[in-house]
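Undergrad: Input file: input-v8.tsv. Contents: TSV, C-alpha atoms.
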```tsv
chain	number	residue	atom	x	y	z
I	1	MET	CA	-43.35	-135.77	-170.99
I	2	THR	CA	-40.68	-134.68	-168.52
I	3	ASP	CA	-42.49	-131.46	-167.65
I	4	ARG	CA	-45.73	-133.24	-167.07
I	5	ARG	CA	-44.05	-135.74	-164.70
I	6	GLY	CA	-42.56	-132.82	-162.77
I	7	GLN	CA	-45.95	-131.07	-162.58
I	8	ALA	CA	-47.52	-134.25	-161.30
I	9	ASN	CA	-45.06	-134.28	-158.43
I	10	LEU	CA	-45.68	-130.62	-157.58
I	11	LEU	CA	-49.40	-131.23	-157.78
I	12	SER	CA	-49.23	-133.89	-155.11
I	13	LEU	CA	-47.12	-131.55	-152.99
I	14	ALA	CA	-49.72	-128.82	-153.40
I	15	VAL	CA	-52.44	-131.24	-152.32
I	16	ALA	CA	-50.39	-132.27	-149.30
I	17	LEU	CA	-49.75	-128.66	-148.28
I	18	THR	CA	-53.41	-127.80	-148.72
I	19	ALA	CA	-54.31	-130.69	-146.45
I	20	LEU	CA	-51.79	-129.46	-143.91
I	21	VAL	CA	-53.18	-125.92	-144.02
I	22	SER	CA	-56.73	-127.19	-143.54
I	23	ALA	CA	-55.63	-129.35	-140.63
I	24	THR	CA	-53.91	-126.37	-139.00
I	25	ALA	CA	-56.92	-124.15	-139.59
I	26	LEU	CA	-59.17	-126.81	-138.10
I	27	GLY	CA	-56.83	-127.04	-135.13
I	28	LEU	CA	-57.00	-123.28	-134.61
I	29	VAL	CA	-60.79	-123.34	-134.79
I	30	ILE	CA	-60.93	-126.10	-132.19
I	31	ALA	CA	-58.42	-124.25	-130.00
I	32	ASP	CA	-60.57	-121.11	-130.26
I	33	GLY	CA	-63.62	-123.07	-129.22
I	34	ALA	CA	-61.81	-124.63	-126.28
I	35	LEU	CA	-60.53	-121.24	-125.18
I	36	ALA	CA	-63.98	-119.68	-125.46
I	37	GLY	CA	-65.37	-122.57	-123.40
I	38	ALA	CA	-62.76	-122.01	-120.69
I	39	ASP	CA	-63.36	-118.28	-120.57
I	40	ARG	CA	-65.40	-117.54	-117.49
I	41	ASP	CA	-65.32	-114.87	-114.88
I	42	PRO	CA	-64.02	-116.29	-111.60
I	43	GLY	CA	-64.44	-112.88	-109.97
I	44	GLU	CA	-68.22	-113.06	-110.35
I	45	ARG	CA	-68.47	-116.45	-108.65
I	46	ARG	CA	-66.15	-115.26	-105.88
I	47	ALA	CA	-68.13	-112.05	-105.35
I	48	ALA	CA	-71.34	-114.03	-104.91
I	49	GLY	CA	-69.69	-116.52	-102.58
I	50	ALA	CA	-67.97	-113.81	-100.53
I	51	ALA	CA	-71.19	-111.79	-100.17
I	52	ALA	CA	-73.17	-114.83	-99.01
I	53	GLU	CA	-70.38	-115.85	-96.65
I	54	ARG	CA	-70.05	-112.40	-95.10
I	55	LEU	CA	-73.85	-112.03	-94.72
I	56	VAL	CA	-74.08	-115.23	-92.69
I	57	SER	CA	-70.99	-114.63	-90.57
I	58	ALA	CA	-70.62	-110.88	-89.98
I	59	ASP	CA	-71.51	-109.60	-86.52
I	60	ALA	CA	-73.61	-106.82	-88.05
I	61	THR	CA	-76.14	-109.11	-89.73
I	62	THR	CA	-76.19	-112.22	-87.57
I	63	VAL	CA	-77.19	-113.32	-84.12
I	64	ARG	CA	-74.58	-116.05	-84.33
I	65	GLU	CA	-72.92	-117.92	-87.19
I	66	ASN	CA	-75.50	-118.86	-89.86
I	67	VAL	CA	-78.40	-117.28	-87.96
I	68	LEU	CA	-79.47	-114.01	-89.56
I	69	ASP	CA	-80.96	-111.21	-87.53
I	70	ARG	CA	-84.16	-110.37	-89.36
I	71	GLY	CA	-84.23	-106.74	-88.27
I	72	ALA	CA	-80.60	-106.15	-89.26
I	73	ILE	CA	-80.81	-107.94	-92.59
I	74	GLU	CA	-83.99	-106.10	-93.60
I	75	ALA	CA	-82.43	-102.76	-92.70
I	76	LEU	CA	-79.33	-103.55	-94.80
I	77	SER	CA	-78.61	-101.10	-97.61
I	78	LEU	CA	-76.55	-101.58	-100.75
I	79	SER	CA	-73.72	-99.47	-99.36
I	80	ASP	CA	-73.73	-101.63	-96.22
I	81	LEU	CA	-73.45	-104.69	-98.44
I	82	ASP	CA	-70.56	-103.14	-100.37
I	83	ALA	CA	-68.77	-102.38	-97.11
I	84	LEU	CA	-69.44	-105.89	-95.85
I	85	ALA	CA	-68.31	-107.64	-99.04
I	86	PRO	CA	-66.14	-105.31	-101.15
I	87	PRO	CA	-66.01	-107.73	-104.14
I	88	VAL	CA	-69.66	-106.94	-105.00
I	89	ALA	CA	-69.06	-103.18	-105.22
I	90	ASN	CA	-69.61	-101.97	-108.80
I	91	ARG	CA	-71.42	-105.17	-109.77
I	92	SER	CA	-75.09	-105.90	-110.30
I	93	VAL	CA	-76.28	-107.80	-107.29
I	94	ARG	CA	-79.50	-109.22	-105.88
I	95	VAL	CA	-80.00	-110.61	-102.38
I	96	ARG	CA	-83.08	-112.73	-101.79
I	97	LEU	CA	-84.14	-114.24	-98.51
I	98	GLY	CA	-86.82	-116.87	-98.81
I	99	GLY	CA	-89.21	-115.51	-101.43
I	100	GLU	CA	-88.57	-111.81	-101.03
I	101	THR	CA	-85.91	-109.62	-102.58
I	102	LEU	CA	-84.06	-107.64	-99.94
I	103	LEU	CA	-81.59	-105.76	-102.09
I	104	GLU	CA	-81.21	-105.28	-105.81
I	105	ARG	CA	-78.89	-103.29	-108.01
I	106	GLY	CA	-79.21	-103.69	-111.76
I	107	GLU	CA	-80.59	-106.87	-113.28
I	108	PRO	CA	-78.11	-109.58	-112.38
I	109	THR	CA	-78.42	-112.92	-114.17
I	110	GLY	CA	-75.02	-114.38	-113.32
I	111	THR	CA	-73.78	-116.75	-110.66
I	112	THR	CA	-76.15	-117.48	-107.80
I	113	VAL	CA	-74.90	-118.76	-104.45
I	114	GLU	CA	-77.44	-120.25	-102.07
I	115	ARG	CA	-77.05	-120.70	-98.34
I	116	VAL	CA	-79.53	-122.37	-96.04
I	117	VAL	CA	-79.83	-120.15	-92.98
I	118	LEU	CA	-81.96	-119.55	-89.93
I	119	VAL	CA	-83.65	-116.20	-89.66
I	120	ALA	CA	-84.08	-115.09	-86.08
I	121	GLU	CA	-86.50	-112.57	-84.75
I	122	ARG	CA	-86.48	-111.28	-81.18
I	123	THR	CA	-89.92	-111.37	-79.67
I	124	THR	CA	-90.90	-110.02	-76.30
I	125	ARG	CA	-93.25	-111.92	-74.04
I	126	SER	CA	-94.51	-110.31	-70.89
I	127	ARG	CA	-96.68	-111.73	-68.17
I	128	SER	CA	-97.44	-110.99	-64.59
I	129	VAL	CA	-97.83	-113.81	-62.10
I	130	ALA	CA	-98.48	-114.09	-58.40
I	131	VAL	CA	-96.00	-116.56	-56.91
I	132	GLY	CA	-95.85	-118.19	-53.52
I	133	ASP	CA	-93.12	-120.05	-51.69
I	134	GLY	CA	-91.98	-123.07	-53.69
I	135	ASP	CA	-93.80	-122.14	-56.87
I	136	GLY	CA	-92.19	-122.95	-60.22
I	137	LEU	CA	-92.65	-121.21	-63.52
I	138	THR	CA	-91.54	-122.75	-66.80
I	139	LEU	CA	-90.97	-120.36	-69.68
I	140	PRO	CA	-92.53	-121.74	-72.86
I	141	ARG	CA	-89.63	-120.89	-75.20
I	142	ARG	CA	-85.90	-121.00	-74.72
I	143	THR	CA	-84.35	-117.65	-74.11
I	144	ASP	CA	-81.06	-116.20	-72.98
I	145	ARG	CA	-82.51	-113.20	-71.19
I	146	VAL	CA	-85.33	-112.87	-68.64
I	147	GLU	CA	-86.29	-109.69	-66.84
I	148	LEU	CA	-87.99	-110.15	-63.47
I	149	THR	CA	-89.76	-107.25	-61.79
I	150	PHE	CA	-90.78	-107.86	-58.20
I	151	GLY	CA	-93.56	-105.64	-56.98
I	152	PRO	CA	-93.38	-103.77	-53.69
I	153	GLY	CA	-93.97	-105.89	-50.63
I	154	SER	CA	-92.25	-108.89	-52.15
I	155	THR	CA	-90.95	-111.41	-49.67
I	156	VAL	CA	-89.34	-113.79	-52.17
I	157	GLU	CA	-85.77	-114.45	-51.03
I	158	THR	CA	-84.35	-116.77	-53.67
I	159	VAL	CA	-84.89	-117.40	-57.36
I	160	ARG	CA	-83.46	-120.53	-58.99
I	161	ALA	CA	-83.14	-121.17	-62.72
I	162	ASN	CA	-83.10	-124.93	-63.32
I	163	GLY	CA	-81.97	-125.48	-59.73
I	164	ARG	CA	-79.14	-122.97	-59.87
I	165	ILE	CA	-79.50	-119.95	-57.60
I	166	VAL	CA	-79.55	-116.79	-59.71
I	167	LEU	CA	-81.02	-114.22	-57.31
I	168	HIS	CA	-80.90	-114.12	-53.55
I	169	ASP	CA	-81.70	-111.48	-50.97
I	170	PRO	CA	-82.64	-112.50	-47.38
I	171	GLY	CA	-84.53	-109.24	-46.94
I	172	GLY	CA	-86.85	-109.95	-49.92
I	173	LEU	CA	-86.21	-109.22	-53.58
I	174	VAL	CA	-87.73	-105.94	-54.74
I	175	GLY	CA	-87.20	-104.19	-58.03
I	176	GLN	CA	-86.00	-105.24	-61.44
I	177	PHE	CA	-83.48	-108.00	-62.13
I	178	VAL	CA	-82.05	-109.57	-65.27
I	179	VAL	CA	-81.42	-113.30	-65.38
I	180	GLU	CA	-79.42	-114.85	-68.20
I	181	PRO	CA	-80.20	-118.55	-68.44
I	182	SER	CA	-78.69	-120.99	-70.95
I	183	ARG	CA	-80.26	-120.75	-74.39
I	184	TYR	CA	-79.76	-124.48	-74.88
I	185	GLU	CA	-82.44	-125.66	-72.46
I	186	THR	CA	-85.91	-124.71	-71.39
I	187	VAL	CA	-85.71	-122.71	-68.20
I	188	THR	CA	-87.81	-123.28	-65.09
I	189	LEU	CA	-87.75	-120.53	-62.48
I	190	ASP	CA	-88.36	-121.50	-58.85
I	191	PHE	CA	-89.34	-118.91	-56.28
I	192	GLU	CA	-88.60	-119.56	-52.59
I	193	GLY	CA	-89.03	-117.79	-49.33
I	194	GLY	CA	-92.22	-115.82	-49.75
I	195	THR	CA	-94.83	-114.41	-52.04
I	196	ALA	CA	-94.76	-111.68	-54.62
I	197	GLN	CA	-96.40	-110.28	-57.72
I	198	VAL	CA	-93.74	-110.80	-60.41
I	199	GLY	CA	-93.56	-109.32	-63.88
I	200	VAL	CA	-91.74	-111.74	-66.16
I	201	GLU	CA	-90.46	-110.48	-69.50
I	202	SER	CA	-88.57	-112.93	-71.63
I	203	ARG	CA	-87.09	-112.29	-75.08
I	204	PRO	CA	-87.13	-115.63	-76.87
I	205	LEU	CA	-85.50	-115.88	-80.27
I	206	ARG	CA	-87.99	-117.12	-82.84
I	207	THR	CA	-86.14	-118.73	-85.75
I	208	GLU	CA	-87.27	-120.08	-89.07
I	209	LYS	CA	-85.42	-121.72	-91.92
I	210	ALA	CA	-84.89	-119.80	-95.15
I	211	THR	CA	-82.66	-119.81	-98.19
I	212	LEU	CA	-80.36	-116.87	-98.79
I	213	ARG	CA	-79.69	-116.36	-102.49
I	214	VAL	CA	-77.05	-113.96	-103.71
I	215	THR	CA	-76.88	-113.36	-107.45
I	216	VAL	CA	-74.02	-111.35	-108.90
I	217	ASP	CA	-73.30	-110.24	-112.43
I	218	GLY	CA	-70.37	-108.62	-114.17
X	1	MET	CA	-28.68	-132.43	-175.12
X	2	ILE	CA	-31.90	-134.20	-174.52
X	3	PRO	CA	-30.43	-137.04	-172.43
X	4	ASP	CA	-28.51	-134.41	-170.34
X	5	ASP	CA	-31.71	-132.49	-169.58
X	6	ARG	CA	-33.47	-135.63	-168.53
X	7	GLY	CA	-30.65	-136.40	-166.11
X	8	VAL	CA	-31.02	-133.02	-164.33
X	9	THR	CA	-34.82	-133.12	-164.08
X	10	PRO	CA	-35.10	-135.07	-160.77
X	11	ALA	CA	-32.60	-132.75	-159.07
X	12	VAL	CA	-34.44	-129.63	-160.22
X	13	GLY	CA	-37.78	-131.14	-159.28
X	14	LYS	CA	-36.61	-132.08	-155.78
X	15	ALA	CA	-34.98	-128.68	-155.27
X	16	LEU	CA	-38.26	-127.02	-156.25
X	17	GLU	CA	-40.20	-129.23	-153.82
X	18	VAL	CA	-37.74	-128.60	-151.00
X	19	GLY	CA	-37.94	-124.88	-151.66
X	20	ILE	CA	-41.71	-124.87	-151.61
X	21	VAL	CA	-41.89	-126.90	-148.41
X	22	VAL	CA	-39.31	-124.67	-146.67
X	23	LEU	CA	-41.25	-121.59	-147.76
X	24	PHE	CA	-44.48	-123.15	-146.55
X	25	VAL	CA	-43.05	-124.09	-143.18
X	26	GLY	CA	-41.57	-120.62	-142.84
X	27	ALA	CA	-44.85	-118.92	-143.71
X	28	MET	CA	-46.81	-121.20	-141.40
X	29	THR	CA	-44.43	-120.63	-138.48
X	30	THR	CA	-44.51	-116.89	-138.99
X	31	ALA	CA	-48.28	-116.89	-139.17
X	32	LEU	CA	-48.67	-119.00	-136.03
X	33	TYR	CA	-46.00	-117.40	-133.88
X	34	GLY	CA	-46.63	-113.92	-135.19
X	35	GLY	CA	-50.35	-113.94	-134.50
X	36	ALA	CA	-52.23	-116.90	-133.17
X	37	VAL	CA	-49.83	-118.31	-130.57
X	38	PRO	CA	-49.10	-115.06	-128.67
X	39	ASP	CA	-52.84	-114.30	-128.69
X	40	TYR	CA	-53.55	-117.67	-127.15
X	41	ARG	CA	-50.77	-117.26	-124.64
X	42	ASP	CA	-52.15	-113.86	-123.64
X	43	ALA	CA	-55.69	-115.21	-123.35
X	44	VAL	CA	-54.65	-118.23	-121.31
X	45	GLY	CA	-52.27	-116.15	-119.19
X	46	ALA	CA	-55.04	-113.67	-118.37
X	47	GLU	CA	-57.39	-116.50	-117.46
X	48	VAL	CA	-54.79	-118.24	-115.28
X	49	GLY	CA	-53.92	-114.88	-113.66
X	50	ASP	CA	-57.59	-114.22	-112.82
X	51	ARG	CA	-58.02	-117.63	-111.28
X	52	ALA	CA	-54.74	-117.53	-109.38
X	53	VAL	CA	-55.64	-114.20	-107.78
X	54	VAL	CA	-59.19	-115.28	-106.97
X	55	ALA	CA	-57.98	-118.55	-105.45
X	56	ALA	CA	-55.36	-116.67	-103.42
X	57	ALA	CA	-57.99	-114.16	-102.22
X	58	GLU	CA	-60.27	-116.98	-101.08
X	59	ARG	CA	-57.36	-118.59	-99.27
X	60	VAL	CA	-56.55	-115.32	-97.49
X	61	GLU	CA	-60.20	-114.90	-96.46
X	62	ASN	CA	-60.39	-118.45	-95.15
X	63	ALA	CA	-57.18	-117.98	-93.17
X	64	VAL	CA	-58.89	-115.47	-90.86
X	65	PRO	CA	-60.16	-117.42	-87.84
X	66	PRO	CA	-63.18	-116.58	-85.66
X	67	ALA	CA	-62.65	-114.04	-82.89
X	68	ALA	CA	-60.31	-115.41	-80.23
X	69	ARG	CA	-58.10	-114.08	-77.46
X	70	ASP	CA	-54.81	-114.90	-79.12
X	71	VAL	CA	-54.44	-115.79	-82.77
X	72	ARG	CA	-51.48	-116.95	-84.78
X	73	THR	CA	-52.15	-119.02	-87.89
X	74	VAL	CA	-50.07	-119.87	-90.92
X	75	HIS	CA	-51.82	-121.05	-94.09
X	76	GLY	CA	-49.99	-122.18	-97.21
X	77	VAL	CA	-51.19	-120.83	-100.55
X	78	ASP	CA	-50.70	-122.65	-103.84
X	79	LEU	CA	-49.61	-120.28	-106.58
X	80	PRO	CA	-48.75	-121.21	-110.17
X	81	ARG	CA	-44.94	-121.25	-110.57
X	82	SER	CA	-45.21	-118.94	-113.57
X	83	ILE	CA	-47.91	-117.33	-115.67
X	84	ARG	CA	-47.38	-117.01	-119.41
X	85	GLY	CA	-43.84	-118.31	-118.88
X	86	GLU	CA	-42.78	-115.47	-116.62
X	87	ASN	CA	-42.43	-114.79	-112.91
X	88	TYR	CA	-44.86	-112.40	-111.25
X	89	ARG	CA	-45.78	-110.82	-107.92
X	90	ILE	CA	-49.03	-110.64	-106.00
X	91	ALA	CA	-49.17	-107.70	-103.61
X	92	VAL	CA	-51.79	-106.15	-101.34
X	93	GLU	CA	-52.78	-102.61	-102.15
X	94	ASN	CA	-55.59	-101.05	-100.18
X	95	ARG	CA	-57.18	-104.39	-99.20
X	96	THR	CA	-57.00	-105.58	-102.80
X	97	LEU	CA	-54.83	-108.39	-104.14
X	98	VAL	CA	-53.11	-107.10	-107.26
X	99	LEU	CA	-51.25	-109.25	-109.79
X	100	ASP	CA	-48.08	-107.61	-111.03
X	101	HIS	CA	-46.97	-109.31	-114.26
X	102	PRO	CA	-44.55	-108.16	-116.98
X	103	ALA	CA	-47.06	-108.90	-119.76
X	104	ALA	CA	-49.67	-106.19	-120.17
X	105	ALA	CA	-52.36	-108.71	-121.10
X	106	VAL	CA	-52.09	-110.48	-117.73
X	107	ASP	CA	-53.73	-108.24	-115.19
X	108	ALA	CA	-55.97	-109.23	-112.32
X	109	HIS	CA	-57.08	-107.94	-108.97
X	110	ALA	CA	-59.48	-109.10	-106.28
X	111	ARG	CA	-60.84	-107.09	-103.39
X	112	LEU	CA	-60.68	-108.93	-100.10
X	113	ALA	CA	-63.83	-109.46	-98.05
X	114	LEU	CA	-62.46	-109.58	-94.51
X	115	PRO	CA	-64.17	-109.03	-91.17
X	116	GLU	CA	-63.74	-105.61	-89.60
X	117	ARG	CA	-61.44	-106.97	-86.93
X	118	ALA	CA	-58.78	-107.53	-89.61
X	119	GLU	CA	-57.10	-104.19	-89.10
X	120	SER	CA	-54.11	-104.40	-91.40
X	121	VAL	CA	-53.47	-106.41	-94.55
X	122	ASP	CA	-50.12	-106.16	-96.24
X	123	GLY	CA	-47.21	-108.03	-97.75
X	124	ALA	CA	-46.50	-109.57	-101.13
X	125	TRP	CA	-45.69	-112.89	-102.76
X	126	ARG	CA	-43.28	-113.68	-105.52
X	127	SER	CA	-44.19	-116.62	-107.72
X	128	SER	CA	-40.96	-118.37	-106.72
X	129	ASP	CA	-41.91	-118.20	-103.00
X	130	ASP	CA	-43.51	-120.92	-100.96
X	131	ALA	CA	-46.36	-118.50	-100.22
X	132	VAL	CA	-48.10	-118.38	-96.83
X	133	VAL	CA	-50.65	-116.15	-95.07
X	134	VAL	CA	-49.82	-115.32	-91.48
X	135	VAL	CA	-52.65	-114.04	-89.28
X	136	THR	CA	-51.71	-112.71	-85.85
X	137	GLY	CA	-53.63	-110.72	-83.28
X	138	ASP	CA	-56.04	-110.86	-80.41
X	139	ARG	CA	-59.66	-110.05	-79.69
X	140	GLY	CA	-59.03	-106.39	-80.44
X	141	GLY	CA	-57.72	-106.76	-83.96
X	142	LEU	CA	-55.98	-108.98	-86.45
X	143	SER	CA	-53.08	-108.38	-88.76
X	144	VAL	CA	-52.92	-110.33	-92.01
X	145	GLU	CA	-49.58	-110.66	-93.74
X	146	LEU	CA	-48.62	-112.24	-97.04
X	147	THR	CA	-45.14	-113.67	-96.88
X	148	ALA	CA	-42.91	-116.59	-97.81
X	149	ARG	CA	-42.40	-119.61	-95.61
X	150	GLU	CA	-38.64	-118.97	-95.55
X	151	GLU	CA	-39.30	-115.60	-93.90
X	152	LEU	CA	-40.87	-117.33	-90.92
X	153	ARG	CA	-37.49	-118.91	-90.04
X	154	GLY	CA	-38.96	-122.12	-88.76
X	155	GLU	CA	-41.55	-120.61	-86.41
X	156	ARG	CA	-45.00	-121.75	-87.28
```
Represent the supplied structure as structure tokens.
TA:
Amino acid sequence: MTDRRGQANLLSLAVALTALVSATALGLVIADGALAGADRDPGERRAAGAAAERLVSADATTVRENVLDRGAIEALSLSDLDALAPPVANRSVRVRLGGETLLERGEPTGTTVERVVLVAERTTRSRSVAVGDGDGLTLPRRTDRVELTFGPGSTVETVRANGRIVLHDPGGLVGQFVVEPSRYETVTLDFEGGTAQVGVESRPLRTEKATLRVTVDG
Amino acid sequence: MIPDDRGVTPAVGKALEVGIVVLFVGAMTTALYGGAVPDYRDAVGAEVGDRAVVAAAERVENAVPPAARDVRTVHGVDLPRSIRGENYRIAVENRTLVLDHPAAAVDAHARLALPERAESVDGAWRSSDDAVVVVTGDRGGLSVELTAREELRGER
């Protein structure tokens, strides 16, 4: 009788301890799950972000901040990218611009960072016009560089860009000149003082919107 | 005899229960602190170390201003006071932020992506510091230094 009462007590203790052990084990399982859920690679995200950031801000690949130079970005090699953004060295990486893949190393499936950018392309437009005194010429696209070539026998004395005098020679302008107007407004060139055959070469920047996607793995 | 035995029974029973519970608690504590808890502390410490270094690297990168004639900027950096319960250092080695921590499990480094005009990057932070990044220079080149706010002696 006595023994059985004692066993009954121990039995309840055993049940209590078993419950405690299961609760602890459950706690450990949940902690494991939480830890696994919090385990991510911040370096990967940073590498992708840093690469995208450097591509849109480095002098080597851009015309100005957030405007990519198409020629430079298409000529970019993987070692250039590694030099530009050291965090992506030794990682799988893919750089896509619009729909085309520019660079790829490995098969990255990790973090992707997207940046909306402008892609600029320098185009050259040449024309030759005969101008007389007081004639104006409006360039169809904004540009920050115009080359004027006055043919022999030119008697043009003054050239104005949007009213501002940019070239002046009382003896007549002959030869090649470079004018750098503002790229923020359409430029109108006014010729005064005589007549000439003028070669006009402007280098407008043609830009289009695109999405830069950098995917990094590992 | 029999009545005497019955009188002792509760004491023996309780002693047995106390013994078992003490043993259980001891075994449980040993199991947790001998295995699971240090593992978790290592795992969490490594994770926190990774993130601290990455956050610090981003802060250093953002502290570099666009090209200008004369640059002097001071940016504060938030670092965890301690990782895995211990103090640590973050130093620059070869344009890489390296976490120097007494525990072997906590180890992190992040290469810095800085423009070419950042000519020199050096310095170190201790976790007890009020950490700042000082960028000085001109159009020709920039120097990036990791230091503590106390070291600046009031100049900003």
Undergrad: Taking 6 positions as the minimum chain separation for residues in the same chain, which residues sit within 7 Å of Val146 in chain I when counting all atoms listed in the file? Answer as a list of chain:residue names.
TA: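 Returned residues: I:Val178, I:Val179, I:Glu180, I:Val200, I:Glu201, I:Ser202, I:Arg203.
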Undergrad: Residues of chain I within 6 Å of chain X, using all atoms listed in the file, as number ranges by chain?
TA: I: 85-87
Undergrad: Filtering to C-alpha atoms, could you give me those residues as a PDB file, in the frame of the given file?
TA:
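Listing of part28.pdb after writing:
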```pdb
ATOM      1  CA  ALA I  85     -68.310-107.640 -99.040  1.00  0.00           C
ATOM      2  CA  PRO I  86     -66.140-105.310-101.150  1.00  0.00           C
ATOM      3  CA  PRO I  87     -66.010-107.730-104.140  1.00  0.00           C
TER       4      PRO I  87
END
```
Undergrad: So, with only C-alpha atoms as the atoms that count, which of I:Ser154, I:Glu192, I:Thr123, I:Arg91 lies closest to Gly43 in chain I?
TA: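 Residue with the minimum atom-to-atom distance to Gly43 in chain I: I:Arg91.
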Undergrad: May I have the residues within 7 Å of range 140-144 of chain X as number ranges by chain, using all atoms listed in the file and disregarding those fewer than 4 positions away in the same chain?
TA: X: 117-122, 133-136
Undergrad: Here is a test: counting only C-alpha atoms, which residue of X:Thr73, X:Gly34, X:Arg126, X:Arg84 is nearest to Glu145 in chain X?
TA: X:Thr73
Undergrad: In Å, rounded to a single decimal, give me how far CA of Asp82 in chain I is from CA of Ala48 in chain I.
TA: 11.8 Å
Undergrad: I need the residue nearest Arg46 in chain I from this list: I:Ala210, I:Gly106, I:Ala75, I:Val88. Use all atoms listed in the file for the distance.
TA: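 Nearest to Arg46 in chain I: I:Val88.
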Undergrad: Counting all atoms listed in the file, which of I:Ala58, I:Val156, I:Ala51, I:Ile165 gets nearest to Val214 in chain I?
TA: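 Closest to Val214 in chain I, using all atoms listed in the file: I:Ala51.
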Undergrad: For a test of reading the model, state the distance in Å between CA of Gly49 in chain I and CA of Val113 in chain I, rounded to one decimal.
TA: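 So the two atoms, CA of Gly49 in chain I and CA of Val113 in chain I, lie 6.0 Å apart.
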Undergrad: Identify which of the residues X:Ala131, X:Gly7, X:Val92, X:Val48 lies closest to Leu152 in chain X, counting all atoms listed in the file when measuring atom-to-atom distances.
TA: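 Distance minimum relative to Leu152 in chain X lands on X:Ala131.
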Undergrad: Using all atoms listed in the file, determine which residues lie at most 9 Å from range 169-172 of chain I, disregarding the query and same-chain residues fewer than 3 positions distant; provide the list as a list of chain:residue names.
TA: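 What passes the distance filter is I:Gly153, I:Ser154, I:Thr155, I:Val156, I:Glu157, I:Thr158, I:Gly193, I:Gly194.
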Undergrad: Here is a test: counting all atoms listed in the file, which residue of I:Ile30, I:Leu78, I:Leu212, I:Ala72 is nearest to Glu53 in chain I?
TA: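 Of I:Ile30, I:Leu78, I:Leu212, I:Ala72, the one nearest Glu53 in chain I, counting all atoms listed in the file, is I:Leu212.
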Undergrad: Neighbourhood query: residues within 9 Å of (-51.8, -123.1, -102.6), file coordinates, counting all atoms listed in the file; return as JSON, numbers by chain.
TA: {"X": [55, 56, 59, 75, 76, 77, 78, 79, 80, 130, 131, 132]}
Undergrad: Can you pull out the residues contacting Ile90 in chain X? Cut-off 8 Å, using only C-alpha atoms, and skip same-chain residues under 6 positions away; I want them as an mmCIF file with C-alpha atoms, in the frame of the given file.
TA:
```
data_model
loop_
_atom_site.group_PDB
_atom_site.id
_atom_site.type_symbol
_atom_site.label_atom_id
_atom_site.label_comp_id
_atom_site.auth_asym_id
_atom_site.auth_seq_id
_atom_site.Cartn_x
_atom_site.Cartn_y
_atom_site.Cartn_z
ATOM 1 C CA VAL X 53 -55.640 -114.200 -107.780
ATOM 2 C CA LEU X 97 -54.830 -108.390 -104.140
ATOM 3 C CA VAL X 98 -53.110 -107.100 -107.260
ATOM 4 C CA LEU X 99 -51.250 -109.250 -109.790
ATOM 5 C CA ASP X 100 -48.080 -107.610 -111.030
ATOM 6 C CA ALA X 124 -46.500 -109.570 -101.130
ATOM 7 C CA TRP X 125 -45.690 -112.890 -102.760
ATOM 8 C CA ARG X 126 -43.280 -113.680 -105.520
ATOM 9 C CA SER X 127 -44.190 -116.620 -107.720
#
```
Undergrad: Could you work out an axis-aligned box for range 25-29 of chain X, taking every atom the file lists and adding 8 Å on each side, and report centre and edge lengths in Å to one decimal, as lines of an AutoDock Vina configuration file?
TA:
```
center_x = -44.2
center_y = -121.5
center_z = -141.1
size_x = 21.2
size_y = 21.2
size_z = 21.2
```
Undergrad: If you count all atoms listed in the file, which residues fall within 9 Å of Asp138 in chain X, apart from same-chain ones fewer than 3 positions away, as a list in words?
TA: Ala67, Ala68, Arg69, Asp70, Val71, Arg72, Gly141 and Leu142 of chain X
